[in-house]
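> Sharing protein.txt, compact mmCIF, C-alpha atoms and all ligand atoms:
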```
# COMPACT_ATOMS: atom_id res chain seq x y z
CA MET I 284 -37.06 -57.56 97.33
CA GLU I 285 -37.21 -56.86 101.03
CA LYS I 286 -39.81 -54.23 101.88
CA LYS I 287 -39.20 -51.40 104.35
CA ASN I 288 -40.50 -51.83 107.84
CA ILE I 289 -43.56 -49.57 107.49
CA ASP I 290 -46.99 -49.92 109.10
CA TRP I 291 -48.60 -49.95 105.63
CA SER I 292 -52.20 -50.39 106.80
CA ASN I 293 -52.11 -47.28 108.95
CA LEU I 294 -50.58 -44.85 106.46
CA GLY I 295 -52.44 -41.62 105.77
CA PHE I 296 -51.95 -39.44 102.71
CA GLY I 297 -48.65 -37.88 103.76
CA TYR I 298 -45.06 -37.46 102.62
CA GLN I 299 -42.17 -39.54 103.79
CA VAL I 300 -38.77 -39.41 102.21
CA THR I 301 -37.79 -42.42 100.08
CA ASP I 302 -34.37 -43.49 98.79
CA LYS I 303 -34.09 -42.02 95.27
CA ARG I 304 -35.67 -39.36 93.09
CA PHE I 305 -35.19 -38.32 89.44
CA VAL I 306 -33.82 -34.88 88.52
CA ALA I 307 -33.37 -33.38 85.05
CA ASN I 308 -32.36 -29.82 84.22
CA TYR I 309 -33.30 -27.63 81.25
CA LYS I 310 -30.66 -25.12 80.26
CA ASP I 311 -29.65 -23.35 77.03
CA GLY I 312 -32.77 -24.67 75.33
CA ALA I 313 -32.32 -28.41 76.06
CA TRP I 314 -32.98 -31.05 78.73
CA ASP I 315 -30.07 -33.05 80.09
CA ASP I 316 -30.43 -36.82 80.50
CA GLY I 317 -31.40 -36.61 84.16
CA VAL I 318 -30.16 -38.75 87.04
CA LEU I 319 -31.44 -40.57 90.09
CA THR I 320 -30.19 -38.92 93.26
CA GLU I 321 -30.33 -39.50 96.98
CA ASP I 322 -30.51 -35.75 97.65
CA ALA I 323 -34.07 -34.87 98.60
CA THR I 324 -33.37 -31.14 98.85
CA ILE I 325 -33.33 -28.33 96.27
CA THR I 326 -31.22 -25.17 96.35
CA LEU I 327 -32.55 -22.26 94.30
CA THR I 328 -31.87 -18.60 93.63
CA GLU I 329 -34.11 -16.36 95.71
CA CYS I 330 -35.50 -14.97 92.45
CA ALA I 331 -36.47 -18.31 90.83
CA GLY I 332 -39.52 -18.16 88.54
CA VAL I 333 -41.33 -20.68 90.71
CA LEU I 334 -40.84 -18.57 93.84
CA GLN I 335 -41.81 -15.25 92.30
CA TYR I 336 -44.54 -16.07 89.79
CA ALA I 337 -45.54 -19.65 90.67
CA GLN I 338 -44.28 -21.10 87.40
CA THR I 339 -44.78 -24.74 88.29
CA CYS I 340 -46.97 -27.71 87.44
CA PHE I 341 -47.16 -31.29 88.64
CA GLU I 342 -48.67 -34.73 88.13
CA GLY I 343 -49.81 -37.57 90.36
CA LEU I 344 -49.94 -41.30 89.67
CA LYS I 345 -49.52 -44.50 91.63
CA ALA I 346 -47.61 -47.77 91.61
CA TYR I 347 -49.19 -50.95 92.94
CA THR I 348 -48.17 -54.45 93.91
CA THR I 349 -50.39 -56.87 92.01
CA GLU I 350 -51.93 -60.02 93.42
CA ASP I 351 -49.19 -62.09 91.75
CA GLY I 352 -46.42 -59.89 93.13
CA ARG I 353 -45.54 -57.67 90.15
CA THR I 354 -44.98 -53.91 90.53
CA VAL I 355 -47.04 -51.88 88.06
CA CYS I 356 -48.25 -48.38 87.45
CA PHE I 357 -51.46 -47.15 85.90
CA ARG I 358 -51.58 -45.26 82.57
CA PRO I 359 -48.41 -43.16 83.06
CA ASP I 360 -48.57 -42.12 79.39
CA LEU I 361 -51.67 -40.07 80.17
CA ASN I 362 -49.86 -38.26 82.98
CA ALA I 363 -47.02 -37.54 80.56
CA SER I 364 -49.36 -36.06 78.00
CA ARG I 365 -51.31 -34.02 80.57
CA MET I 366 -48.03 -32.66 81.90
CA SER I 367 -47.14 -31.60 78.35
CA ASP I 368 -50.43 -29.69 78.20
CA SER I 369 -49.70 -28.03 81.55
CA CYS I 370 -46.18 -27.04 80.42
CA LYS I 371 -47.41 -25.52 77.17
CA ARG I 372 -50.03 -23.42 78.96
CA LEU I 373 -47.44 -22.18 81.49
CA GLU I 374 -44.69 -21.43 78.91
CA MET I 375 -42.53 -24.23 80.28
CA PRO I 376 -40.48 -26.65 78.16
CA VAL I 377 -42.14 -30.03 77.67
CA PHE I 378 -40.23 -32.99 79.13
CA PRO I 379 -40.42 -35.64 76.37
CA GLU I 380 -43.34 -37.96 77.08
CA ASP I 381 -41.44 -41.21 76.47
CA LYS I 382 -38.67 -40.05 78.81
CA PHE I 383 -41.28 -39.08 81.41
CA VAL I 384 -42.59 -42.67 81.45
CA GLU I 385 -39.04 -44.09 81.60
CA ALA I 386 -38.20 -41.78 84.52
CA VAL I 387 -41.36 -42.82 86.39
CA LYS I 388 -40.34 -46.47 85.99
CA ALA I 389 -36.78 -45.73 87.12
CA VAL I 390 -37.99 -43.98 90.27
CA VAL I 391 -40.37 -46.80 91.18
CA LYS I 392 -37.69 -49.41 90.51
CA ALA I 393 -35.18 -47.53 92.68
CA ASN I 394 -37.72 -47.36 95.52
CA GLU I 395 -39.31 -50.77 95.12
CA ALA I 396 -38.86 -51.43 98.85
CA TYR I 397 -41.42 -48.67 99.46
CA VAL I 398 -44.11 -50.05 97.13
CA PRO I 399 -46.74 -51.24 99.60
CA PRO I 400 -47.53 -54.97 99.58
CA TYR I 401 -50.66 -56.29 97.86
CA GLY I 402 -53.70 -56.12 100.10
CA SER I 403 -52.21 -53.59 102.54
CA GLY I 404 -54.57 -50.81 101.46
CA ALA I 405 -51.60 -48.54 100.68
CA THR I 406 -49.98 -47.61 97.35
CA LEU I 407 -46.90 -45.75 96.16
CA TYR I 408 -47.80 -42.20 95.15
CA ILE I 409 -45.56 -40.78 92.43
CA ARG I 410 -45.20 -37.03 92.08
CA PRO I 411 -43.61 -35.65 88.86
CA TYR I 412 -43.24 -31.86 88.86
CA MET I 413 -41.47 -29.05 87.05
CA PHE I 414 -40.60 -25.50 88.00
CA GLY I 415 -38.85 -22.40 86.70
CA SER I 416 -35.45 -22.44 88.42
CA SER I 417 -33.63 -19.41 87.00
CA ALA I 418 -34.08 -15.82 88.16
CA VAL I 419 -36.92 -13.71 86.74
CA ILE I 420 -38.00 -10.34 88.06
CA GLY I 421 -40.00 -8.91 85.16
CA VAL I 422 -43.10 -11.02 84.55
CA LYS I 423 -41.86 -13.55 82.00
CA PRO I 424 -41.03 -17.26 81.78
CA ALA I 425 -37.78 -18.48 83.35
CA ASP I 426 -34.90 -19.58 81.06
CA GLU I 427 -34.05 -22.66 83.12
CA TYR I 428 -36.22 -25.44 84.59
CA GLN I 429 -35.98 -28.49 86.75
CA PHE I 430 -38.10 -31.62 86.28
CA ARG I 431 -38.21 -34.01 89.23
CA ILE I 432 -40.07 -37.12 90.29
CA PHE I 433 -40.24 -38.38 93.85
CA CYS I 434 -42.44 -41.06 95.36
CA THR I 435 -43.88 -41.75 98.78
CA PRO I 436 -46.07 -44.56 100.17
CA VAL I 437 -49.61 -43.40 100.98
CA GLY I 438 -52.89 -44.58 102.44
CA PRO I 439 -56.37 -43.14 101.79
CA TYR I 440 -56.69 -39.43 100.90
CA PHE I 441 -59.71 -38.98 103.16
CA LYS I 442 -59.50 -40.14 106.76
CA GLY I 443 -61.84 -43.07 107.21
CA GLY I 444 -61.01 -44.60 103.83
CA ALA I 445 -64.21 -45.74 102.15
CA LYS I 446 -66.58 -43.94 104.57
CA PRO I 447 -68.80 -41.43 102.78
CA ILE I 448 -67.70 -37.80 103.12
CA THR I 449 -69.60 -34.51 103.38
CA ILE I 450 -69.01 -31.68 100.95
CA ARG I 451 -70.19 -28.09 100.86
CA VAL I 452 -70.93 -25.90 97.88
CA CYS I 453 -68.17 -23.29 97.91
CA ASP I 454 -68.71 -19.54 97.47
CA TYR I 455 -65.28 -19.06 95.95
CA ASP I 456 -64.31 -20.14 92.44
CA ARG I 457 -61.50 -22.49 91.53
CA ALA I 458 -61.04 -21.75 87.85
CA ALA I 459 -62.21 -19.13 85.36
CA PRO I 460 -63.52 -19.86 81.87
CA HIS I 461 -60.45 -19.79 79.56
CA GLY I 462 -58.21 -19.92 82.66
CA THR I 463 -56.02 -22.75 83.97
CA GLY I 464 -58.53 -25.16 85.56
CA HIS I 465 -57.89 -27.79 82.88
CA ILE I 466 -54.16 -28.08 83.67
CA LYS I 467 -52.31 -29.13 86.80
CA ALA I 468 -50.75 -25.80 87.69
CA GLY I 469 -49.56 -25.31 91.28
CA LEU I 470 -51.37 -21.97 91.30
CA ASN I 471 -54.76 -23.75 91.09
CA TYR I 472 -54.01 -25.42 94.40
CA ALA I 473 -52.50 -22.40 96.16
CA MET I 474 -55.71 -20.46 95.62
CA SER I 475 -57.83 -23.32 96.99
CA LEU I 476 -56.05 -23.44 100.36
CA TYR I 477 -58.11 -20.71 101.99
CA GLN I 478 -61.31 -22.52 101.02
CA ILE I 479 -60.17 -25.97 102.16
CA VAL I 480 -58.98 -24.69 105.54
CA ASP I 481 -62.32 -22.94 105.99
CA ALA I 482 -64.26 -26.04 104.86
CA HIS I 483 -62.43 -28.19 107.41
CA GLU I 484 -63.07 -25.62 110.14
CA GLN I 485 -66.78 -25.76 109.31
CA GLY I 486 -66.77 -29.58 109.50
CA TYR I 487 -66.75 -30.39 105.76
CA ASP I 488 -64.33 -32.73 104.05
CA GLU I 489 -64.12 -30.89 100.72
CA ASN I 490 -65.48 -28.05 98.58
CA MET I 491 -67.68 -28.42 95.54
CA TYR I 492 -66.73 -25.73 93.05
CA LEU I 493 -69.28 -24.39 90.57
CA ASP I 494 -68.70 -22.89 87.14
CA ALA I 495 -67.38 -19.37 87.72
CA ALA I 496 -69.42 -17.72 84.94
CA THR I 497 -72.93 -18.72 86.02
CA ARG I 498 -72.52 -20.67 89.27
CA THR I 499 -75.18 -23.11 88.11
CA TYR I 500 -73.10 -26.11 86.98
CA VAL I 501 -71.03 -28.54 89.04
CA GLU I 502 -67.28 -28.44 88.32
CA GLU I 503 -65.09 -30.45 90.69
CA THR I 504 -63.44 -30.37 94.11
CA GLY I 505 -59.95 -29.09 94.91
CA GLY I 506 -58.38 -32.42 93.99
CA ALA I 507 -60.89 -34.74 92.30
CA ASN I 508 -63.65 -34.96 89.66
CA PHE I 509 -67.24 -35.88 90.54
CA ILE I 510 -69.11 -38.98 89.50
CA PHE I 511 -72.88 -39.37 89.95
CA ILE I 512 -75.08 -42.44 89.56
CA THR I 513 -78.67 -41.98 88.44
CA LYS I 514 -81.54 -43.93 90.02
CA ASP I 515 -81.60 -46.14 86.91
CA GLY I 516 -77.89 -46.90 87.19
CA LYS I 517 -76.24 -44.54 84.66
CA LEU I 518 -72.84 -42.95 85.30
CA VAL I 519 -72.95 -39.16 84.88
CA THR I 520 -69.79 -37.04 85.04
CA PRO I 521 -69.58 -33.24 84.72
CA LYS I 522 -68.17 -31.82 81.51
CA SER I 523 -66.44 -28.44 81.55
CA ASP I 524 -63.41 -26.81 79.93
CA SER I 525 -62.27 -25.55 83.32
CA ILE I 526 -61.95 -28.85 85.22
CA LEU I 527 -58.94 -31.14 85.25
CA PRO I 528 -59.40 -34.06 82.82
CA SER I 529 -59.04 -36.75 85.46
CA ILE I 530 -57.37 -39.95 84.26
CA THR I 531 -59.36 -41.88 86.86
CA ARG I 532 -62.63 -40.39 85.58
CA ARG I 533 -61.74 -41.15 81.95
CA SER I 534 -60.83 -44.71 82.99
CA LEU I 535 -64.07 -45.13 84.97
CA MET I 536 -66.10 -44.11 81.94
CA VAL I 537 -64.51 -47.03 80.05
CA VAL I 538 -64.91 -49.40 83.03
CA ALA I 539 -68.61 -48.48 83.38
CA GLU I 540 -69.38 -48.95 79.72
CA LYS I 541 -67.14 -51.85 78.72
CA TYR I 542 -66.88 -53.87 81.94
CA LEU I 543 -70.18 -53.16 83.67
CA GLY I 544 -72.44 -52.50 80.68
CA MET I 545 -73.59 -49.16 82.09
CA GLU I 546 -74.72 -46.14 80.17
CA VAL I 547 -72.33 -43.21 80.56
CA GLU I 548 -73.11 -39.51 80.20
CA HIS I 549 -70.36 -36.91 80.14
CA ARG I 550 -72.28 -33.65 80.18
CA GLN I 551 -72.93 -30.44 82.06
CA VAL I 552 -74.47 -31.21 85.46
CA ARG I 553 -76.66 -28.55 87.06
CA LEU I 554 -76.36 -27.92 90.78
CA ASP I 555 -80.14 -28.02 91.04
CA GLU I 556 -80.33 -31.59 89.65
CA ILE I 557 -77.88 -33.31 92.00
CA GLY I 558 -80.63 -34.15 94.51
CA GLU I 559 -82.05 -36.52 91.89
CA PHE I 560 -78.96 -38.78 91.84
CA ALA I 561 -78.79 -42.03 93.79
CA GLU I 562 -75.04 -42.00 94.49
CA CYS I 563 -72.18 -39.55 94.33
CA GLY I 564 -68.42 -39.92 94.56
CA LEU I 565 -65.09 -38.18 94.01
CA CYS I 566 -62.55 -39.77 91.72
CA GLY I 567 -58.86 -39.18 91.25
CA THR I 568 -55.48 -40.78 91.77
CA ALA I 569 -55.34 -39.72 95.41
CA ALA I 570 -59.10 -40.02 96.04
CA VAL I 571 -59.44 -43.34 94.07
CA ILE I 572 -63.24 -43.33 94.44
CA SER I 573 -64.34 -41.67 97.65
CA PRO I 574 -68.08 -41.87 98.23
CA VAL I 575 -69.96 -38.65 99.00
CA GLY I 576 -72.90 -39.09 101.36
CA LYS I 577 -74.03 -35.50 101.69
CA ILE I 578 -73.63 -32.16 99.92
CA VAL I 579 -74.58 -29.00 101.79
CA ASP I 580 -75.64 -25.98 99.74
CA HIS I 581 -75.88 -23.03 102.12
CA GLY I 582 -77.80 -24.89 104.80
CA LYS I 583 -79.78 -27.05 102.37
CA GLU I 584 -78.71 -30.68 102.79
CA ILE I 585 -78.68 -32.99 99.81
CA CYS I 586 -78.43 -36.51 101.23
CA PHE I 587 -77.83 -39.31 98.75
CA PRO I 588 -79.93 -42.46 99.26
CA SER I 589 -76.68 -44.46 99.58
CA GLY I 590 -76.34 -42.87 103.04
CA MET I 591 -73.40 -42.05 105.32
CA ASP I 592 -72.33 -45.58 106.27
CA ASP I 593 -71.16 -47.25 103.07
CA MET I 594 -70.36 -46.76 99.42
CA GLY I 595 -73.44 -47.05 97.21
CA PRO I 596 -73.78 -50.37 95.34
CA VAL I 597 -72.92 -49.00 91.89
CA THR I 598 -70.01 -46.93 93.20
CA ARG I 599 -68.80 -50.12 94.89
CA LYS I 600 -68.87 -52.02 91.59
CA LEU I 601 -66.94 -49.25 89.86
CA TYR I 602 -64.44 -49.16 92.72
CA ASP I 603 -63.94 -52.93 92.77
CA THR I 604 -63.49 -53.12 89.00
CA LEU I 605 -61.09 -50.18 88.75
CA THR I 606 -58.94 -51.30 91.68
CA GLY I 607 -59.17 -54.89 90.40
CA ILE I 608 -57.63 -53.71 87.12
CA GLN I 609 -54.97 -51.66 88.92
CA MET I 610 -53.99 -54.55 91.20
CA GLY I 611 -54.00 -57.19 88.50
CA ARG I 612 -57.11 -59.12 89.61
CA ILE I 613 -59.03 -58.15 86.46
CA GLU I 614 -57.63 -58.04 82.95
CA ALA I 615 -56.83 -54.46 81.93
CA PRO I 616 -57.54 -52.82 78.60
CA GLU I 617 -54.47 -52.74 76.33
CA GLY I 618 -51.79 -50.35 77.56
CA TRP I 619 -53.34 -49.40 80.91
CA ILE I 620 -50.92 -51.33 83.09
CA VAL I 621 -47.20 -50.67 82.79
CA GLU I 622 -44.93 -53.16 84.44
CA ILE I 623 -41.86 -51.89 86.26
N1 LIG H 701 -59.15 -32.76 89.69
C1 LIG H 701 -58.14 -32.14 90.32
C2 LIG H 701 -58.25 -30.69 90.59
C3 LIG H 701 -57.00 -32.88 90.69
O1 LIG H 701 -56.00 -32.28 91.32
C4 LIG H 701 -56.95 -34.25 90.41
C5 LIG H 701 -55.77 -35.05 90.75
O2 LIG H 701 -54.92 -35.30 89.97
C6 LIG H 701 -58.04 -34.85 89.76
C7 LIG H 701 -59.12 -34.07 89.43
C8 LIG H 701 -58.04 -36.30 89.43
O3 LIG H 701 -57.23 -36.55 88.33
P1 LIG H 701 -56.54 -37.97 88.13
O4 LIG H 701 -57.64 -38.95 88.11
O5 LIG H 701 -55.85 -37.85 86.83
O6 LIG H 701 -55.63 -38.15 89.27
C1 LIG H 702 -53.84 -36.56 92.68
O1 LIG H 702 -54.89 -37.18 92.87
O2 LIG H 702 -52.83 -37.11 92.21
C2 LIG H 702 -53.72 -35.15 93.00
O3 LIG H 702 -52.82 -34.53 92.53
C3 LIG H 702 -54.71 -34.54 93.90
C4 LIG H 702 -54.09 -33.86 95.06
C5 LIG H 702 -55.17 -33.17 95.78
C6 LIG H 702 -53.35 -34.79 95.96
```
I need this file expressed as structure tokens, please.
Ligand code: PLP
Ligand code: COI


Amino acid sequence: MEKKNIDWSNLGFGYQVTDKRFVANYKDGAWDDGVLTEDATITLTECAGVLQYAQTCFEGLKAYTTEDGRTVCFRPDLNASRMSDSCKRLEMPVFPEDKFVEAVKAVVKANEAYVPPYGSGATLYIRPYMFGSSAVIGVKPADEYQFRIFCTPVGPYFKGGAKPITIRVCDYDRAAPHGTGHIKAGLNYAMSLYQIVDAHEQGYDENMYLDAATRTYVEETGGANFIFITKDGKLVTPKSDSILPSITRRSLMVVAEKYLGMEVEHRQVRLDEIGEFAECGLCGTAAVISPVGKIVDHGKEICFPSGMDDMGPVTRKLYDTLTGIQMGRIEAPEGWIVEI
């Protein structure tokens, strides 16, 4: 397979069009079989449910080239099941989970020339999404939907790759108790744009959101879950019904316990205890593990002992083990790696 002529090592986290994408339509109460198409555009009625009432959700996963040259993706079944949860909460028809995984594989296969080579630092980001495509003007679900998957080669989500980032505690909330924070609804991201633009203008890389009810517990950022490492080497990750159940975070909990012999705590994390942790990071498909060096809470700086130059030593071990599994250097737990 001849790869495209792309400067893989200098890719940022951006979109570039690739050769084929998957499209399936839901009409009269059923999904069609779906096809791969070269057409990267969408034509919609001006009154489509997605345009009027933001009836849309999405997923994100990656494909990798392994050390021995295979193309694989990581736990796509969990993306399929999380997308089902998103669809149910948004009154959208579930795309069958087995067909979701098959369509992911078909899209990667059809764009294999864009899967970055092993060791390049880049990966193929895969974006499944669904939206209400028929006209709605009263507030109600659409009757028709489109499910699509495209892919695009990407580099690190944060400029600087593995350099520690700085985060601020945000005064706005991301998700309400009993709201939609636990699903991947487009609306959760639309309402975070004001805050992220402001954070960047103020010199921060990301926002830390707190629980909306009491503003005392750590939730997540706009696009990743938090991980913390205690001074005695435990992994602590925030637990809340209003954060997205990150597949990376769930995988890291297994990696920490089963591969690295660490203790793992998944529990509520108070804002006023984070200064006691030795290391902090963000985890997600796009973020992988991005180390956090500093968190600023209204002028008060919380600087982690791991500093602003490098990933902390425990975060590094987690990172190396997780990416080792994803790139085929380390044996994966049963079912985690799906070959294309
Ligand atoms: N939290 C939010 C809000 C996200 O958008 C994402 C990205 O998908 C994550 C966490 C990380 O989830 P995952 O590890 O499944 O990519
Ligand atoms: C992902 O990590 O896949 C996401 O969807 C996060 C987004 C901020 C890019």

> When the cut-off is 9 Å and you count all atoms listed in the file, which residues lie near ligand LIG 701 (chain H), shown as number ranges by chain?

I: 341-344, 361-362, 365, 457, 464-467, 471-472, 503-509, 526-534, 565-571

> I'd like the interatomic distance between atom CA of I:Thr520 and atom CA of I:Ile578, to a tenth of an Å.

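Atom CA of I:Ile578 lies at a distance of 16.1 Å from atom CA of I:Thr520.
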
> Calculated over all atoms listed in the file, which of the candidates I:Val437, I:Ala337, I:Ile608, I:Leu493 has the smallest distance to ligand LIG 702 (chain H)?

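Using all atoms listed in the file, ligand LIG 702 (chain H) sits closest to I:Val437.
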
> Neighbouring residues of I:Val579 were defined as those with any atom within 10 Å, considering only C-alpha atoms; residues of the same chain fewer than 6 positions away were excluded. Please report them as a VMD selection string.

chain I and resid 449 to 453 487 490 to 491 585 to 586

> Find, counting only C-alpha atoms and all ligand atoms, the residue in I:Phe430, I:Gly402, I:Ala473, I:Pro447 that gets nearest to ligand LIG 702 (chain H).

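For ligand LIG 702 (chain H), the nearest of the given residues is I:Ala473.
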
> Distance atom CA of I:Asp481-atom C4 of ligand LIG 702 (chain H), one decimal place?

17.5 Å

> Expressed in Å to a single decimal, how great is the separation between atom CA of I:Val419 and atom CA of I:Cys330?

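These two atoms are separated by 6.0 Å.
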
> I'd like the contact shell of I:Tyr401 - 6 Å cut-off, only C-alpha atoms, skipping same-chain residues fewer than 3 positions apart - returned as a ChimeraX atom specification.

/I:348-350

> Select, from I:Val333, I:Ala445, I:Cys434, I:Met284, the residue with the minimum atom-to-atom distance to ligand LIG 702 (chain H), counting only C-alpha atoms and all ligand atoms.

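That would be I:Cys434, the residue with the smallest distance to ligand LIG 702 (chain H).
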
> Please identify all polymer residues within 10 Å of I:Asp515, counting only C-alpha atoms, omitting same-chain residues fewer than 3 positions from it, and present them as a list in words.

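Here the qualifying residues turn out to be Ile512, Leu518, Met545, Glu546, Phe560 and Ala561 of chain I.
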
> May I have the residues from that selection written out with C-alpha atoms, as a PDB file, in the frame of the given file?


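Result went into again_12.pdb, see below:
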```pdb
ATOM      1  CA  ILE I 512     -75.080 -42.440  89.560  1.00  0.00           C
ATOM      2  CA  LEU I 518     -72.840 -42.950  85.300  1.00  0.00           C
ATOM      3  CA  MET I 545     -73.590 -49.160  82.090  1.00  0.00           C
ATOM      4  CA  GLU I 546     -74.720 -46.140  80.170  1.00  0.00           C
ATOM      5  CA  PHE I 560     -78.960 -38.780  91.840  1.00  0.00           C
ATOM      6  CA  ALA I 561     -78.790 -42.030  93.790  1.00  0.00           C
TER       7      ALA I 561
END
```

> Would you list the contacts of I:Ala396 as a PyMOL selection string, taking every protein, DNA or RNA residue within 9 Å and counting all atoms listed in the file, but skipping same-chain residues closer than 4 positions in sequence?

chain I and resi 284-287+392

> Ranking I:Ile572, I:Lys517, I:Ser364, I:Gly595 by minimum distance to I:Glu540 and counting all atoms listed in the file, which one comes first?

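Between I:Ile572, I:Lys517, I:Ser364, I:Gly595, the residue approaching I:Glu540 most closely is I:Lys517.
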
> Please, could N, CA and C atoms be added to stretch 405-427 of chain I and the result written as a short mmCIF file (atom, residue, chain, number, x, y, z; two decimals), in the frame of the given file?


```
data_model
loop_
_atom_site.label_atom_id
_atom_site.label_comp_id
_atom_site.auth_asym_id
_atom_site.auth_seq_id
_atom_site.Cartn_x
_atom_site.Cartn_y
_atom_site.Cartn_z
N ALA I 405 -52.44 -49.69 101.03
CA ALA I 405 -51.60 -48.54 100.68
C ALA I 405 -51.06 -48.70 99.26
N THR I 406 -50.56 -47.60 98.70
CA THR I 406 -49.98 -47.61 97.35
C THR I 406 -48.79 -46.66 97.34
N LEU I 407 -48.02 -46.70 96.27
CA LEU I 407 -46.90 -45.75 96.16
C LEU I 407 -47.36 -44.58 95.30
N TYR I 408 -47.40 -43.41 95.89
CA TYR I 408 -47.80 -42.20 95.15
C TYR I 408 -46.56 -41.60 94.49
N ILE I 409 -46.70 -41.29 93.21
CA ILE I 409 -45.56 -40.78 92.43
C ILE I 409 -45.87 -39.34 92.02
N ARG I 410 -44.95 -38.45 92.30
CA ARG I 410 -45.20 -37.03 92.08
C ARG I 410 -44.15 -36.43 91.12
N PRO I 411 -44.45 -36.39 89.81
CA PRO I 411 -43.61 -35.65 88.86
C PRO I 411 -43.95 -34.16 88.97
N TYR I 412 -42.96 -33.31 88.83
CA TYR I 412 -43.24 -31.86 88.86
C TYR I 412 -42.12 -31.10 88.17
N MET I 413 -42.44 -29.89 87.76
CA MET I 413 -41.47 -29.05 87.05
C MET I 413 -41.63 -27.62 87.54
N PHE I 414 -40.51 -26.90 87.56
CA PHE I 414 -40.60 -25.50 88.00
C PHE I 414 -39.52 -24.66 87.33
N GLY I 415 -39.82 -23.37 87.22
CA GLY I 415 -38.85 -22.40 86.70
C GLY I 415 -37.78 -22.18 87.76
N SER I 416 -36.51 -22.47 87.41
CA SER I 416 -35.45 -22.44 88.42
C SER I 416 -34.52 -21.23 88.29
N SER I 417 -34.53 -20.56 87.14
CA SER I 417 -33.63 -19.41 87.00
C SER I 417 -34.34 -18.13 87.44
N ALA I 418 -33.55 -17.08 87.62
CA ALA I 418 -34.08 -15.82 88.16
C ALA I 418 -34.93 -15.09 87.13
N VAL I 419 -36.10 -14.62 87.55
CA VAL I 419 -36.92 -13.71 86.74
C VAL I 419 -37.47 -12.64 87.67
N ILE I 420 -37.40 -11.38 87.23
CA ILE I 420 -38.00 -10.34 88.06
C ILE I 420 -39.08 -9.60 87.28
N GLY I 421 -38.88 -9.38 85.98
CA GLY I 421 -40.00 -8.91 85.16
C GLY I 421 -40.91 -10.11 84.95
N VAL I 422 -42.19 -9.88 84.70
CA VAL I 422 -43.10 -11.02 84.55
C VAL I 422 -42.88 -11.67 83.18
N LYS I 423 -42.14 -12.77 83.22
CA LYS I 423 -41.86 -13.55 82.00
C LYS I 423 -41.44 -14.96 82.40
N PRO I 424 -41.45 -15.89 81.43
CA PRO I 424 -41.03 -17.26 81.78
C PRO I 424 -39.54 -17.31 82.16
N ALA I 425 -39.19 -18.25 83.01
CA ALA I 425 -37.78 -18.48 83.35
C ALA I 425 -37.05 -19.03 82.11
N ASP I 426 -35.71 -18.97 82.14
CA ASP I 426 -34.90 -19.58 81.06
C ASP I 426 -34.51 -21.00 81.40
N GLU I 427 -34.50 -21.33 82.70
CA GLU I 427 -34.05 -22.66 83.12
C GLU I 427 -35.13 -23.32 83.98
#
```
